[in-house]
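Next up, input-v1.csv (CSV, C-alpha atoms):
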chain,number,residue,atom,x,y,z
S,1,MET,CA,-19.3,-8.2,0.7
S,2,ALA,CA,-16.6,-10.9,0.9
S,3,ILE,CA,-13.2,-9.7,-0.3
S,4,PRO,CA,-10.7,-12.3,-1.5
S,5,GLN,CA,-7.4,-12.7,0.3
S,6,LEU,CA,-3.9,-13.0,-1.1
S,7,THR,CA,-1.2,-15.0,0.7
S,8,ALA,CA,2.5,-14.2,1.2
S,9,ALA,CA,5.2,-16.8,1.4
S,10,ASP,CA,5.1,-16.9,5.2
S,11,GLY,CA,1.3,-17.5,5.2
S,12,THR,CA,0.3,-13.9,6.0
S,13,THR,CA,-3.0,-13.0,4.2
S,14,LEU,CA,-4.1,-9.6,3.2
S,15,PRO,CA,-7.4,-8.4,1.6
S,16,ALA,CA,-7.2,-8.1,-2.2
S,17,ILE,CA,-8.2,-4.4,-2.0
S,18,GLY,CA,-7.6,-1.7,0.6
S,19,LEU,CA,-8.5,1.9,1.3
S,20,GLY,CA,-6.0,4.7,0.7
S,21,THR,CA,-6.4,7.4,3.3
S,22,TYR,CA,-4.0,10.2,2.2
S,23,ARG,CA,-5.6,13.5,3.1
S,24,LEU,CA,-8.4,11.8,5.0
S,25,ASN,CA,-7.8,13.7,8.3
S,26,GLY,CA,-9.6,15.0,11.3
S,27,SER,CA,-13.3,14.4,12.0
S,28,ALA,CA,-14.1,14.2,8.3
S,29,GLY,CA,-11.5,11.5,7.9
S,30,VAL,CA,-12.9,9.5,10.8
S,31,ASP,CA,-16.3,9.6,9.2
S,32,ALA,CA,-15.0,8.6,5.7
S,33,ILE,CA,-12.8,5.8,7.1
S,34,GLY,CA,-15.7,4.6,9.3
S,35,GLN,CA,-18.0,4.5,6.4
S,36,ALA,CA,-15.5,2.5,4.4
S,37,ILE,CA,-15.2,-0.1,7.1
S,38,ARG,CA,-19.0,-0.4,7.2
S,39,ALA,CA,-19.0,-0.8,3.4
S,40,GLY,CA,-16.6,-3.8,3.8
S,41,TYR,CA,-13.0,-2.5,3.6
S,42,ARG,CA,-10.7,-4.3,5.9
S,43,LEU,CA,-7.3,-3.1,4.8
S,44,ILE,CA,-6.8,0.5,5.8
S,45,ASP,CA,-3.6,2.3,4.7
S,46,SER,CA,-1.9,5.1,6.6
S,47,ALA,CA,1.5,6.6,7.4
S,48,VAL,CA,3.2,8.8,9.9
S,49,ASN,CA,3.6,11.4,7.2
S,50,TYR,CA,-0.1,11.4,6.4
S,51,GLU,CA,-0.7,12.8,9.9
S,52,ASN,CA,-3.9,10.8,10.2
S,53,GLU,CA,-3.0,7.8,12.3
S,54,GLY,CA,-5.4,9.2,15.0
S,55,ALA,CA,-8.3,9.3,12.6
S,56,VAL,CA,-7.6,5.8,11.3
S,57,GLY,CA,-7.3,4.5,14.8
S,58,ARG,CA,-10.5,6.2,16.0
S,59,ALA,CA,-12.4,4.7,13.1
S,60,ALA,CA,-10.9,1.3,13.8
S,61,ARG,CA,-11.8,1.5,17.5
S,62,ALA,CA,-15.4,2.4,16.7
S,63,ALA,CA,-15.6,-0.8,14.6
S,64,ASP,CA,-15.5,-3.1,17.6
S,65,ASP,CA,-17.3,-6.0,16.0
S,66,VAL,CA,-14.8,-6.2,13.1
S,67,ARG,CA,-11.6,-4.9,14.7
S,68,ASP,CA,-10.0,-8.4,14.5
S,69,GLU,CA,-10.7,-8.4,10.7
S,70,LEU,CA,-9.0,-5.1,10.1
S,71,VAL,CA,-5.5,-4.6,8.8
S,72,VAL,CA,-4.5,-1.2,10.0
S,73,THR,CA,-1.3,0.0,8.3
S,74,SER,CA,1.2,2.7,9.0
S,75,LYS,CA,4.6,3.6,7.6
S,76,LEU,CA,7.9,4.8,9.1
S,77,PRO,CA,9.2,8.1,7.7
S,78,GLY,CA,12.7,8.6,6.4
S,79,ARG,CA,13.7,11.0,9.2
S,80,HIS,CA,13.4,8.2,11.7
S,81,HIS,CA,15.4,5.4,10.1
S,82,ARG,CA,17.9,5.2,12.9
S,83,TYR,CA,17.2,2.1,15.1
S,84,ASP,CA,16.3,3.8,18.4
S,85,GLU,CA,14.3,6.6,16.6
S,86,ALA,CA,12.5,4.0,14.5
S,87,LEU,CA,11.4,2.0,17.6
S,88,THR,CA,10.1,5.1,19.3
S,89,THR,CA,8.3,6.2,16.2
S,90,ILE,CA,6.5,2.9,16.0
S,91,GLU,CA,5.5,3.1,19.6
S,92,GLU,CA,4.1,6.6,19.0
S,93,SER,CA,2.2,5.2,16.0
S,94,VAL,CA,0.6,2.7,18.3
S,95,PHE,CA,-0.2,5.3,20.8
S,96,ARG,CA,-1.7,7.7,18.2
S,97,THR,CA,-4.0,5.0,16.9
S,98,GLY,CA,-5.1,4.1,20.4
S,99,LEU,CA,-5.0,0.4,19.4
S,100,ASP,CA,-3.2,-2.4,21.1
S,101,HIS,CA,-1.0,-2.8,18.0
S,102,VAL,CA,-0.6,-1.8,14.4
S,103,ASP,CA,-1.4,-4.7,12.1
S,104,LEU,CA,1.0,-3.9,9.3
S,105,TYR,CA,4.0,-1.5,9.6
S,106,LEU,CA,6.1,-0.5,6.6
S,107,ILE,CA,9.2,1.5,5.9
S,108,HIS,CA,7.9,4.3,3.7
S,109,TRP,CA,10.9,4.8,1.4
S,110,PRO,CA,14.4,3.3,1.4
S,111,ASN,CA,16.2,6.6,1.1
S,112,PRO,CA,19.4,4.8,-0.1
S,113,LYS,CA,21.6,7.8,-0.1
S,114,VAL,CA,21.1,8.1,3.7
S,115,ASP,CA,21.6,4.3,3.9
S,116,LEU,CA,19.9,3.6,7.2
S,117,TYR,CA,17.1,1.4,6.0
S,118,VAL,CA,18.7,-1.8,7.4
S,119,GLN,CA,18.6,-0.2,10.8
S,120,ALA,CA,15.0,0.7,10.3
S,121,TRP,CA,14.2,-2.9,9.2
S,122,ARG,CA,15.9,-4.2,12.4
S,123,ALA,CA,13.7,-1.9,14.4
S,124,LEU,CA,10.6,-3.2,12.6
S,125,ILE,CA,11.7,-6.8,13.4
S,126,GLU,CA,12.1,-5.9,17.1
S,127,ALA,CA,8.7,-4.1,17.1
S,128,ARG,CA,7.1,-7.3,15.8
S,129,GLU,CA,8.8,-9.4,18.4
S,130,ARG,CA,7.6,-7.0,21.1
S,131,GLY,CA,4.0,-7.2,19.8
S,132,LEU,CA,3.8,-3.5,18.8
S,133,VAL,CA,3.1,-4.6,15.2
S,134,ARG,CA,1.8,-7.9,13.8
S,135,HIS,CA,3.3,-7.9,10.3
S,136,ILE,CA,6.1,-5.9,8.7
S,137,GLY,CA,6.9,-4.9,5.2
S,138,LEU,CA,8.2,-2.2,2.9
S,139,SER,CA,7.0,0.6,0.6
S,140,ASN,CA,8.8,1.8,-2.6
S,141,PHE,CA,11.7,-0.6,-2.2
S,142,LEU,CA,13.6,-2.0,-5.2
S,143,PRO,CA,14.8,-5.6,-5.5
S,144,GLU,CA,18.3,-4.8,-4.5
S,145,HIS,CA,17.1,-3.1,-1.3
S,146,ILE,CA,14.9,-6.1,-0.5
S,147,GLU,CA,17.7,-8.6,-1.1
S,148,ARG,CA,20.1,-6.6,1.1
S,149,LEU,CA,17.6,-6.7,4.0
S,150,ALA,CA,17.1,-10.4,3.6
S,151,ALA,CA,20.8,-11.1,3.5
S,152,GLU,CA,21.7,-8.9,6.5
S,153,THR,CA,18.7,-9.8,8.8
S,154,GLY,CA,17.3,-13.1,7.5
S,155,VAL,CA,13.9,-11.6,7.5
S,156,ALA,CA,11.9,-10.9,4.3
S,157,PRO,CA,8.9,-8.5,4.0
S,158,VAL,CA,5.4,-9.8,3.6
S,159,VAL,CA,4.5,-6.9,1.3
S,160,ASN,CA,6.0,-4.1,-0.7
S,161,GLN,CA,3.8,-1.1,-1.5
S,162,ILE,CA,4.8,0.5,-4.9
S,163,GLU,CA,3.5,2.8,-7.5
S,164,VAL,CA,1.3,0.8,-9.9
S,165,HIS,CA,-1.2,2.0,-12.5
S,166,PRO,CA,-1.7,1.4,-16.2
S,167,TYR,CA,0.8,4.2,-17.2
S,168,PHE,CA,3.3,2.5,-14.9
S,169,PRO,CA,2.4,-1.2,-14.8
S,170,GLN,CA,5.7,-2.4,-13.2
S,171,GLN,CA,5.5,-5.9,-14.7
S,172,GLU,CA,9.1,-6.8,-13.9
S,173,ALA,CA,8.7,-5.8,-10.3
S,174,ILE,CA,5.4,-7.7,-10.0
S,175,ASP,CA,7.1,-10.8,-11.4
S,176,TYR,CA,10.0,-10.4,-9.0
S,177,HIS,CA,7.7,-10.1,-5.9
S,178,ARG,CA,5.6,-13.1,-7.0
S,179,GLU,CA,8.8,-15.2,-7.3
S,180,GLN,CA,9.8,-14.2,-3.8
S,181,GLY,CA,6.4,-14.7,-2.2
S,182,ILE,CA,6.1,-11.0,-1.4
S,183,LEU,CA,2.6,-9.4,-1.9
S,184,VAL,CA,2.4,-6.2,-3.9
S,185,GLN,CA,0.2,-3.3,-2.9
S,186,GLY,CA,-0.3,-0.5,-5.5
S,187,TRP,CA,-0.5,3.1,-4.5
S,188,SER,CA,-2.3,5.6,-6.7
S,189,PRO,CA,-3.8,2.7,-8.5
S,190,LEU,CA,-6.1,4.9,-10.6
S,191,GLY,CA,-3.4,7.4,-11.4
S,192,ARG,CA,-3.7,10.8,-9.8
S,193,GLY,CA,-5.0,13.8,-11.7
S,194,ASN,CA,-4.2,12.3,-15.1
S,195,ASP,CA,-6.4,11.1,-18.0
S,196,LEU,CA,-6.3,7.4,-17.3
S,197,GLN,CA,-10.0,7.1,-16.8
S,198,GLU,CA,-10.7,8.8,-20.1
S,199,HIS,CA,-8.3,6.7,-22.1
S,200,PRO,CA,-10.1,5.1,-25.1
S,201,VAL,CA,-8.7,1.6,-24.3
S,202,VAL,CA,-10.0,1.8,-20.7
S,203,VAL,CA,-13.3,3.3,-21.8
S,204,GLU,CA,-13.9,0.6,-24.4
S,205,ILE,CA,-13.2,-2.2,-22.0
S,206,ALA,CA,-15.4,-0.6,-19.3
S,207,THR,CA,-18.2,-0.2,-21.8
S,208,ALA,CA,-17.9,-3.9,-22.8
S,209,HIS,CA,-18.3,-5.0,-19.2
S,210,GLY,CA,-20.9,-2.4,-18.3
S,211,VAL,CA,-18.8,-0.9,-15.5
S,212,SER,CA,-17.0,2.4,-14.8
S,213,PRO,CA,-13.5,3.1,-16.0
S,214,ALA,CA,-12.3,3.2,-12.4
S,215,GLN,CA,-13.8,-0.2,-11.8
S,216,THR,CA,-12.1,-1.5,-14.9
S,217,ILE,CA,-8.7,-0.3,-13.8
S,218,LEU,CA,-9.2,-1.8,-10.3
S,219,ALA,CA,-10.2,-5.1,-12.0
S,220,TRP,CA,-6.9,-5.0,-14.0
S,221,HIS,CA,-5.0,-4.7,-10.7
S,222,VAL,CA,-7.0,-7.6,-9.2
S,223,ALA,CA,-6.3,-9.7,-12.3
S,224,ARG,CA,-2.5,-9.1,-11.8
S,225,GLN,CA,-2.7,-10.0,-8.1
S,226,VAL,CA,-1.8,-6.4,-7.1
S,227,ILE,CA,-3.7,-5.1,-4.0
S,228,PRO,CA,-4.9,-1.6,-5.1
S,229,LEU,CA,-5.3,1.1,-2.4
S,230,PRO,CA,-7.8,3.6,-4.0
S,231,LYS,CA,-8.6,6.6,-1.9
S,232,ALA,CA,-12.3,7.7,-1.8
S,233,ALA,CA,-14.2,9.8,0.7
S,234,SER,CA,-17.7,9.5,-0.6
S,235,PRO,CA,-19.8,6.4,0.2
S,236,GLN,CA,-20.7,6.0,-3.5
S,237,ARG,CA,-17.1,5.9,-4.7
S,238,GLN,CA,-16.1,3.6,-1.8
S,239,ALA,CA,-18.8,1.1,-2.7
S,240,GLU,CA,-18.0,1.3,-6.5
S,241,ASN,CA,-14.3,0.7,-5.9
S,242,LEU,CA,-15.1,-2.3,-3.7
S,243,ASP,CA,-17.4,-3.8,-6.3
S,244,VAL,CA,-14.8,-5.1,-8.7
S,245,PHE,CA,-14.3,-8.8,-7.9
S,246,GLY,CA,-17.1,-9.9,-10.3
S,247,ILE,CA,-15.4,-8.2,-13.3
S,248,LYS,CA,-13.5,-10.8,-15.2
S,249,LEU,CA,-11.3,-9.2,-17.8
S,250,THR,CA,-10.0,-11.4,-20.6
S,251,ASP,CA,-6.2,-11.9,-20.9
S,252,ALA,CA,-6.3,-9.7,-24.0
S,253,GLN,CA,-8.0,-6.9,-22.1
S,254,VAL,CA,-5.5,-7.1,-19.2
S,255,GLU,CA,-2.6,-7.0,-21.8
S,256,ALA,CA,-4.2,-4.0,-23.6
S,257,ILE,CA,-4.3,-2.0,-20.4
S,258,THR,CA,-0.8,-3.1,-19.4
S,259,ALA,CA,0.4,-1.9,-22.8
S,260,LEU,CA,-0.6,1.7,-21.8
S,261,GLY,CA,2.6,1.8,-19.8
S,262,ARG,CA,5.1,4.6,-20.5
S,263,ALA,CA,8.8,5.0,-20.0
S,264,ASP,CA,8.0,8.2,-18.1
S,265,GLY,CA,4.9,6.8,-16.5
S,266,ARG,CA,5.7,7.7,-12.9
S,267,LEU,CA,3.2,10.3,-11.5
S,268,ALA,CA,5.9,12.4,-9.9
S,269,ASP,CA,9.2,11.0,-11.0
S,270,GLN,CA,9.7,9.4,-7.6
S,271,ASP,CA,12.3,6.7,-8.5
S,272,PRO,CA,13.2,4.8,-5.3
S,273,ALA,CA,16.8,4.5,-6.5
S,274,VAL,CA,17.3,8.2,-5.9
S,275,TYR,CA,14.2,9.7,-4.4
S,276,GLU,CA,14.3,10.7,-0.7
S,277,GLU,CA,11.4,11.3,1.6
S,278,PHE,CA,11.7,12.4,5.2
As C-alpha cells:
Amino acid sequence: MAIPQLTAADGTTLPAIGLGTYRLNGSAGVDAIGQAIRAGYRLIDSAVNYENEGAVGRAARAADDVRDELVVTSKLPGRHHRYDEALTTIEESVFRTGLDHVDLYLIHWPNPKVDLYVQAWRALIEARERGLVRHIGLSNFLPEHIERLAAETGVAPVVNQIEVHPYFPQQEAIDYHREQGILVQGWSPLGRGNDLQEHPVVVEIATAHGVSPAQTILAWHVARQVIPLPKAASPQRQAENLDVFGIKLTDAQVEAITALGRADGRLADQDPAVYEEF
C-alpha cells in the first residue's frame, strides 16, 4: 500500500500517516510494531518516556528490506534539556534502538518555565550534524517557542507533533505551521477514551462513505494535511487505520467535523504554555 508523502520547507518528506506506539512495549510491542511495518507503516513514533525505543528498534532492525524507508522517531524528555544531558540522551536513544541513527528526533515538550528548550534544540542540531539523527523537530511547541528557536539558532524544525482531533482541531496552529513550511503530526488523532467515534456527525459521514468512524476521523486529518499517529496493536485495526487515503471527504464534511471543536477540547488539559513533562 503506497502512502502519500508530505514535504516540509527544507524538502524533508514524511509519510502522511504513522503508527503511535505508546504502551507498545516488550515482546508484544515488537510483534505489534513488526506487524505494522509489514502492513505498510513507515513512520514509527516513539519517545524516551514511552520506554519502548528498544522494541521499536528491534522491529525496525527485523525489517531489513524496508529499513531505509522507515522513519523511526524518538523524543527528548524534559528532564534532559540541558545541552550536555540532551546529547547524551540522544546517544542513548540510538544505542537503545540498536540502529545506526534515529531518523527523526523531537523535543517532547518545551517546558517553558524551566526555559532550557533552546539548549535542547542546540543539542538536536549538533546530533544531526554528528549523524546521530537525520531530521529534527518538536512536539507540543507553540508558535512563540518555535520563533524563538529560529531566531536564536537559525534552524527551523521540520515537524511539530501536537494534539489534534475533532474536539481540538487546532485550525490556527495548522495554518501557522503551513505558512512556515513545518509539517504537523497529530497525537491522539482519534481522541482517547472519549465519545468521538460515536458522535452523530462522525457516524453520519462514515455511513455515507461506507467506512468506520475511525477511518472517517483519520480521513479528516489527511484532508487537513495533518499526519495522524493512531496507535493500534491488532493487525485488523492497523490495516483499517492505514486504509484511509481513498476516502474523499467533501469540504462540507471536513468543516462539519472541524466544527466539533470545543474550547475545553484538550484530552488532559495539557497546555504547552504551562504544562511541564519531565
Test item: residues at most 7 Å from S:Ile33, all atoms listed in the file, excluding those fewer than 3 positions along its chain, as a PDB file with C-alpha atoms, in the coordinates of the input:
ATOM      1  CA  GLY S  29     -11.500  11.500   7.900  1.00  0.00           C
ATOM      2  CA  VAL S  30     -12.900   9.500  10.800  1.00  0.00           C
ATOM      3  CA  ALA S  36     -15.500   2.500   4.400  1.00  0.00           C
ATOM      4  CA  ILE S  37     -15.200  -0.100   7.100  1.00  0.00           C
ATOM      5  CA  VAL S  56      -7.600   5.800  11.300  1.00  0.00           C
ATOM      6  CA  ALA S  59     -12.400   4.700  13.100  1.00  0.00           C
TER       7      ALA S  59
END
**Request:** Please provide the set of residues having any atom within 8 Å of S:Ile174, restricted to only C-alpha atoms, with same-chain residues fewer than 3 positions apart removed, written as a ChimeraX atom specification.
**Result:** /S:170-171,177-178,184,226
**Request:** Step by step: start from the point (-8.1, 5.0, -18.8) in the file's coordinates, keep every protein, DNA or RNA residue that has an atom no farther than 12 Å from it, count only C-alpha atoms, and write the set as a PyMOL selection string.
**Result:** chain S and resi 165-167+189-207+212-218+220+256-261
Residues as selected, C-alpha atoms, written as a PDB file, keeping the file's coordinate frame, can you do that?
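Full text of part-v1.pdb as output:
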ATOM      1  CA  HIS S 165      -1.200   2.000 -12.500  1.00  0.00           C
ATOM      2  CA  PRO S 166      -1.700   1.400 -16.200  1.00  0.00           C
ATOM      3  CA  TYR S 167       0.800   4.200 -17.200  1.00  0.00           C
ATOM      4  CA  PRO S 189      -3.800   2.700  -8.500  1.00  0.00           C
ATOM      5  CA  LEU S 190      -6.100   4.900 -10.600  1.00  0.00           C
ATOM      6  CA  GLY S 191      -3.400   7.400 -11.400  1.00  0.00           C
ATOM      7  CA  ARG S 192      -3.700  10.800  -9.800  1.00  0.00           C
ATOM      8  CA  GLY S 193      -5.000  13.800 -11.700  1.00  0.00           C
ATOM      9  CA  ASN S 194      -4.200  12.300 -15.100  1.00  0.00           C
ATOM     10  CA  ASP S 195      -6.400  11.100 -18.000  1.00  0.00           C
ATOM     11  CA  LEU S 196      -6.300   7.400 -17.300  1.00  0.00           C
ATOM     12  CA  GLN S 197     -10.000   7.100 -16.800  1.00  0.00           C
ATOM     13  CA  GLU S 198     -10.700   8.800 -20.100  1.00  0.00           C
ATOM     14  CA  HIS S 199      -8.300   6.700 -22.100  1.00  0.00           C
ATOM     15  CA  PRO S 200     -10.100   5.100 -25.100  1.00  0.00           C
ATOM     16  CA  VAL S 201      -8.700   1.600 -24.300  1.00  0.00           C
ATOM     17  CA  VAL S 202     -10.000   1.800 -20.700  1.00  0.00           C
ATOM     18  CA  VAL S 203     -13.300   3.300 -21.800  1.00  0.00           C
ATOM     19  CA  GLU S 204     -13.900   0.600 -24.400  1.00  0.00           C
ATOM     20  CA  ILE S 205     -13.200  -2.200 -22.000  1.00  0.00           C
ATOM     21  CA  ALA S 206     -15.400  -0.600 -19.300  1.00  0.00           C
ATOM     22  CA  THR S 207     -18.200  -0.200 -21.800  1.00  0.00           C
ATOM     23  CA  SER S 212     -17.000   2.400 -14.800  1.00  0.00           C
ATOM     24  CA  PRO S 213     -13.500   3.100 -16.000  1.00  0.00           C
ATOM     25  CA  ALA S 214     -12.300   3.200 -12.400  1.00  0.00           C
ATOM     26  CA  GLN S 215     -13.800  -0.200 -11.800  1.00  0.00           C
ATOM     27  CA  THR S 216     -12.100  -1.500 -14.900  1.00  0.00           C
ATOM     28  CA  ILE S 217      -8.700  -0.300 -13.800  1.00  0.00           C
ATOM     29  CA  LEU S 218      -9.200  -1.800 -10.300  1.00  0.00           C
ATOM     30  CA  TRP S 220      -6.900  -5.000 -14.000  1.00  0.00           C
ATOM     31  CA  ALA S 256      -4.200  -4.000 -23.600  1.00  0.00           C
ATOM     32  CA  ILE S 257      -4.300  -2.000 -20.400  1.00  0.00           C
ATOM     33  CA  THR S 258      -0.800  -3.100 -19.400  1.00  0.00           C
ATOM     34  CA  ALA S 259       0.400  -1.900 -22.800  1.00  0.00           C
ATOM     35  CA  LEU S 260      -0.600   1.700 -21.800  1.00  0.00           C
ATOM     36  CA  GLY S 261       2.600   1.800 -19.800  1.00  0.00           C
TER      37      GLY S 261
END
**Message:** With all atoms listed in the file as the counted atoms, please give the residues lying no more than 7 Å from S:Ile44, apart from itself and same-chain residues fewer than 2 positions off, as an NGL selection string.
**Reply:** :S and (18-20 or 42 or 46 or 71-73)
**Atomic separation - atom CA of S:Glu240 relative to atom CA of S:Leu183, Å** = 23.7 Å
Take every atom of stretch 235-249 of chain S listed in the file, fit an axis-aligned box around them, add 8 Å per side, and give the centre and edge lengths in Å to one decimal as JSON.
{"center_x": -16.0, "center_y": -2.2, "center_z": -8.8, "size_x": 25.4, "size_y": 33.2, "size_z": 34.0}
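Note that atom CA of S:Ile17 and atom CA of S:Gly57 are 19.0 Å apart.
Note that atom CA of S:Glu126 and atom CA of S:His108 are 17.4 Å apart.
Remark: for S:Asp115, the closest of the candidate residues S:Arg23, S:Arg148, S:Lys231, S:His221 is S:Arg148 (distances computed over only C-alpha atoms).
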**Item:** Near-S:Ala39 list (8 Å; only C-alpha atoms; drop same-chain fewer than 2 positions) as a PyMOL selection string
**Value:** chain S and resi 1+35-37+41+235+238-239
As a PDB file with C-alpha atoms, in the frame of the given file, please: the residues near stretch 81-86 of chain S (cut-off 7 Å, all atoms listed in the file, same-chain neighbours under 2 positions excluded).
ATOM      1  CA  GLY S  78      12.700   8.600   6.400  1.00  0.00           C
ATOM      2  CA  ARG S  79      13.700  11.000   9.200  1.00  0.00           C
ATOM      3  CA  THR S  88      10.100   5.100  19.300  1.00  0.00           C
ATOM      4  CA  THR S  89       8.300   6.200  16.200  1.00  0.00           C
ATOM      5  CA  ILE S  90       6.500   2.900  16.000  1.00  0.00           C
ATOM      6  CA  LEU S 116      19.900   3.600   7.200  1.00  0.00           C
ATOM      7  CA  TYR S 117      17.100   1.400   6.000  1.00  0.00           C
ATOM      8  CA  GLN S 119      18.600  -0.200  10.800  1.00  0.00           C
ATOM      9  CA  ALA S 120      15.000   0.700  10.300  1.00  0.00           C
ATOM     10  CA  ARG S 122      15.900  -4.200  12.400  1.00  0.00           C
ATOM     11  CA  ALA S 123      13.700  -1.900  14.400  1.00  0.00           C
TER      12      ALA S 123
END
**Request:** Identify which of the residues S:Ala223, S:Val102, S:Ile247, S:Leu138 lies closest to S:Pro157, counting only C-alpha atoms when measuring atom-to-atom distances.
**Result:**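 Result for the nearest residue to S:Pro157: S:Leu138.
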Could you pull stretch 129-151 of chain S out of the block above and save it with N, CA and C atoms, as a PDB file, in the first residue's frame?
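Contents of part.pdb, as written:
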ATOM      1  N   GLU S 129      24.207  17.078  13.060  1.00  0.00           N
ATOM      2  CA  GLU S 129      25.499  17.296  12.394  1.00  0.00           C
ATOM      3  C   GLU S 129      26.441  16.111  12.593  1.00  0.00           C
ATOM      4  N   ARG S 130      26.299  15.440  13.730  1.00  0.00           N
ATOM      5  CA  ARG S 130      27.142  14.269  14.013  1.00  0.00           C
ATOM      6  C   ARG S 130      26.598  12.984  13.397  1.00  0.00           C
ATOM      7  N   GLY S 131      25.430  13.038  12.804  1.00  0.00           N
ATOM      8  CA  GLY S 131      24.856  11.854  12.177  1.00  0.00           C
ATOM      9  C   GLY S 131      24.118  10.936  13.124  1.00  0.00           C
ATOM     10  N   LEU S 132      23.921  11.367  14.374  1.00  0.00           N
ATOM     11  CA  LEU S 132      23.153  10.554  15.321  1.00  0.00           C
ATOM     12  C   LEU S 132      21.684  10.497  14.921  1.00  0.00           C
ATOM     13  N   VAL S 133      21.190  11.597  14.375  1.00  0.00           N
ATOM     14  CA  VAL S 133      19.813  11.679  13.920  1.00  0.00           C
ATOM     15  C   VAL S 133      19.811  12.285  12.520  1.00  0.00           C
ATOM     16  N   ARG S 134      18.771  12.005  11.764  1.00  0.00           N
ATOM     17  CA  ARG S 134      18.707  12.502  10.383  1.00  0.00           C
ATOM     18  C   ARG S 134      17.919  13.804  10.284  1.00  0.00           C
ATOM     19  N   HIS S 135      16.798  13.871  10.980  1.00  0.00           N
ATOM     20  CA  HIS S 135      15.948  15.062  10.943  1.00  0.00           C
ATOM     21  C   HIS S 135      15.567  15.433  12.370  1.00  0.00           C
ATOM     22  N   ILE S 136      15.311  16.724  12.608  1.00  0.00           N
ATOM     23  CA  ILE S 136      14.962  17.179  13.957  1.00  0.00           C
ATOM     24  C   ILE S 136      13.693  18.018  13.930  1.00  0.00           C
ATOM     25  N   GLY S 137      12.951  17.917  15.020  1.00  0.00           N
ATOM     26  CA  GLY S 137      11.699  18.657  15.112  1.00  0.00           C
ATOM     27  C   GLY S 137      11.263  18.807  16.546  1.00  0.00           C
ATOM     28  N   LEU S 138      10.003  19.124  16.704  1.00  0.00           N
ATOM     29  CA  LEU S 138       9.456  19.484  18.005  1.00  0.00           C
ATOM     30  C   LEU S 138       8.160  18.730  18.273  1.00  0.00           C
ATOM     31  N   SER S 139       7.736  18.794  19.513  1.00  0.00           N
ATOM     32  CA  SER S 139       6.454  18.224  19.910  1.00  0.00           C
ATOM     33  C   SER S 139       5.845  19.138  20.962  1.00  0.00           C
ATOM     34  N   ASN S 140       4.608  19.531  20.733  1.00  0.00           N
ATOM     35  CA  ASN S 140       3.861  20.369  21.685  1.00  0.00           C
ATOM     36  C   ASN S 140       4.424  21.780  21.839  1.00  0.00           C
ATOM     37  N   PHE S 141       5.085  22.292  20.828  1.00  0.00           N
ATOM     38  CA  PHE S 141       5.614  23.653  20.871  1.00  0.00           C
ATOM     39  C   PHE S 141       4.592  24.637  20.314  1.00  0.00           C
ATOM     40  N   LEU S 142       4.529  25.819  20.908  1.00  0.00           N
ATOM     41  CA  LEU S 142       3.672  26.896  20.448  1.00  0.00           C
ATOM     42  C   LEU S 142       4.450  27.794  19.489  1.00  0.00           C
ATOM     43  N   PRO S 143       3.744  28.595  18.679  1.00  0.00           N
ATOM     44  CA  PRO S 143       4.452  29.466  17.731  1.00  0.00           C
ATOM     45  C   PRO S 143       5.526  30.330  18.366  1.00  0.00           C
ATOM     46  N   GLU S 144       5.267  30.878  19.566  1.00  0.00           N
ATOM     47  CA  GLU S 144       6.285  31.733  20.180  1.00  0.00           C
ATOM     48  C   GLU S 144       7.547  30.961  20.541  1.00  0.00           C
ATOM     49  N   HIS S 145       7.392  29.683  20.894  1.00  0.00           N
ATOM     50  CA  HIS S 145       8.571  28.853  21.171  1.00  0.00           C
ATOM     51  C   HIS S 145       9.354  28.590  19.879  1.00  0.00           C
ATOM     52  N   ILE S 146       8.620  28.280  18.816  1.00  0.00           N
ATOM     53  CA  ILE S 146       9.254  27.978  17.528  1.00  0.00           C
ATOM     54  C   ILE S 146      10.007  29.196  17.004  1.00  0.00           C
ATOM     55  N   GLU S 147       9.372  30.350  17.109  1.00  0.00           N
ATOM     56  CA  GLU S 147      10.005  31.571  16.602  1.00  0.00           C
ATOM     57  C   GLU S 147      11.269  31.912  17.384  1.00  0.00           C
ATOM     58  N   ARG S 148      11.255  31.631  18.684  1.00  0.00           N
ATOM     59  CA  ARG S 148      12.460  31.890  19.474  1.00  0.00           C
ATOM     60  C   ARG S 148      13.595  30.964  19.037  1.00  0.00           C
ATOM     61  N   LEU S 149      13.283  29.697  18.810  1.00  0.00           N
ATOM     62  CA  LEU S 149      14.318  28.766  18.371  1.00  0.00           C
ATOM     63  C   LEU S 149      14.926  29.215  17.046  1.00  0.00           C
ATOM     64  N   ALA S 150      14.067  29.591  16.112  1.00  0.00           N
ATOM     65  CA  ALA S 150      14.566  30.013  14.805  1.00  0.00           C
ATOM     66  C   ALA S 150      15.412  31.277  14.918  1.00  0.00           C
ATOM     67  N   ALA S 151      14.979  32.210  15.799  1.00  0.00           N
ATOM     68  CA  ALA S 151      15.707  33.468  15.957  1.00  0.00           C
ATOM     69  C   ALA S 151      17.071  33.251  16.604  1.00  0.00           C
TER      70      ALA S 151
END
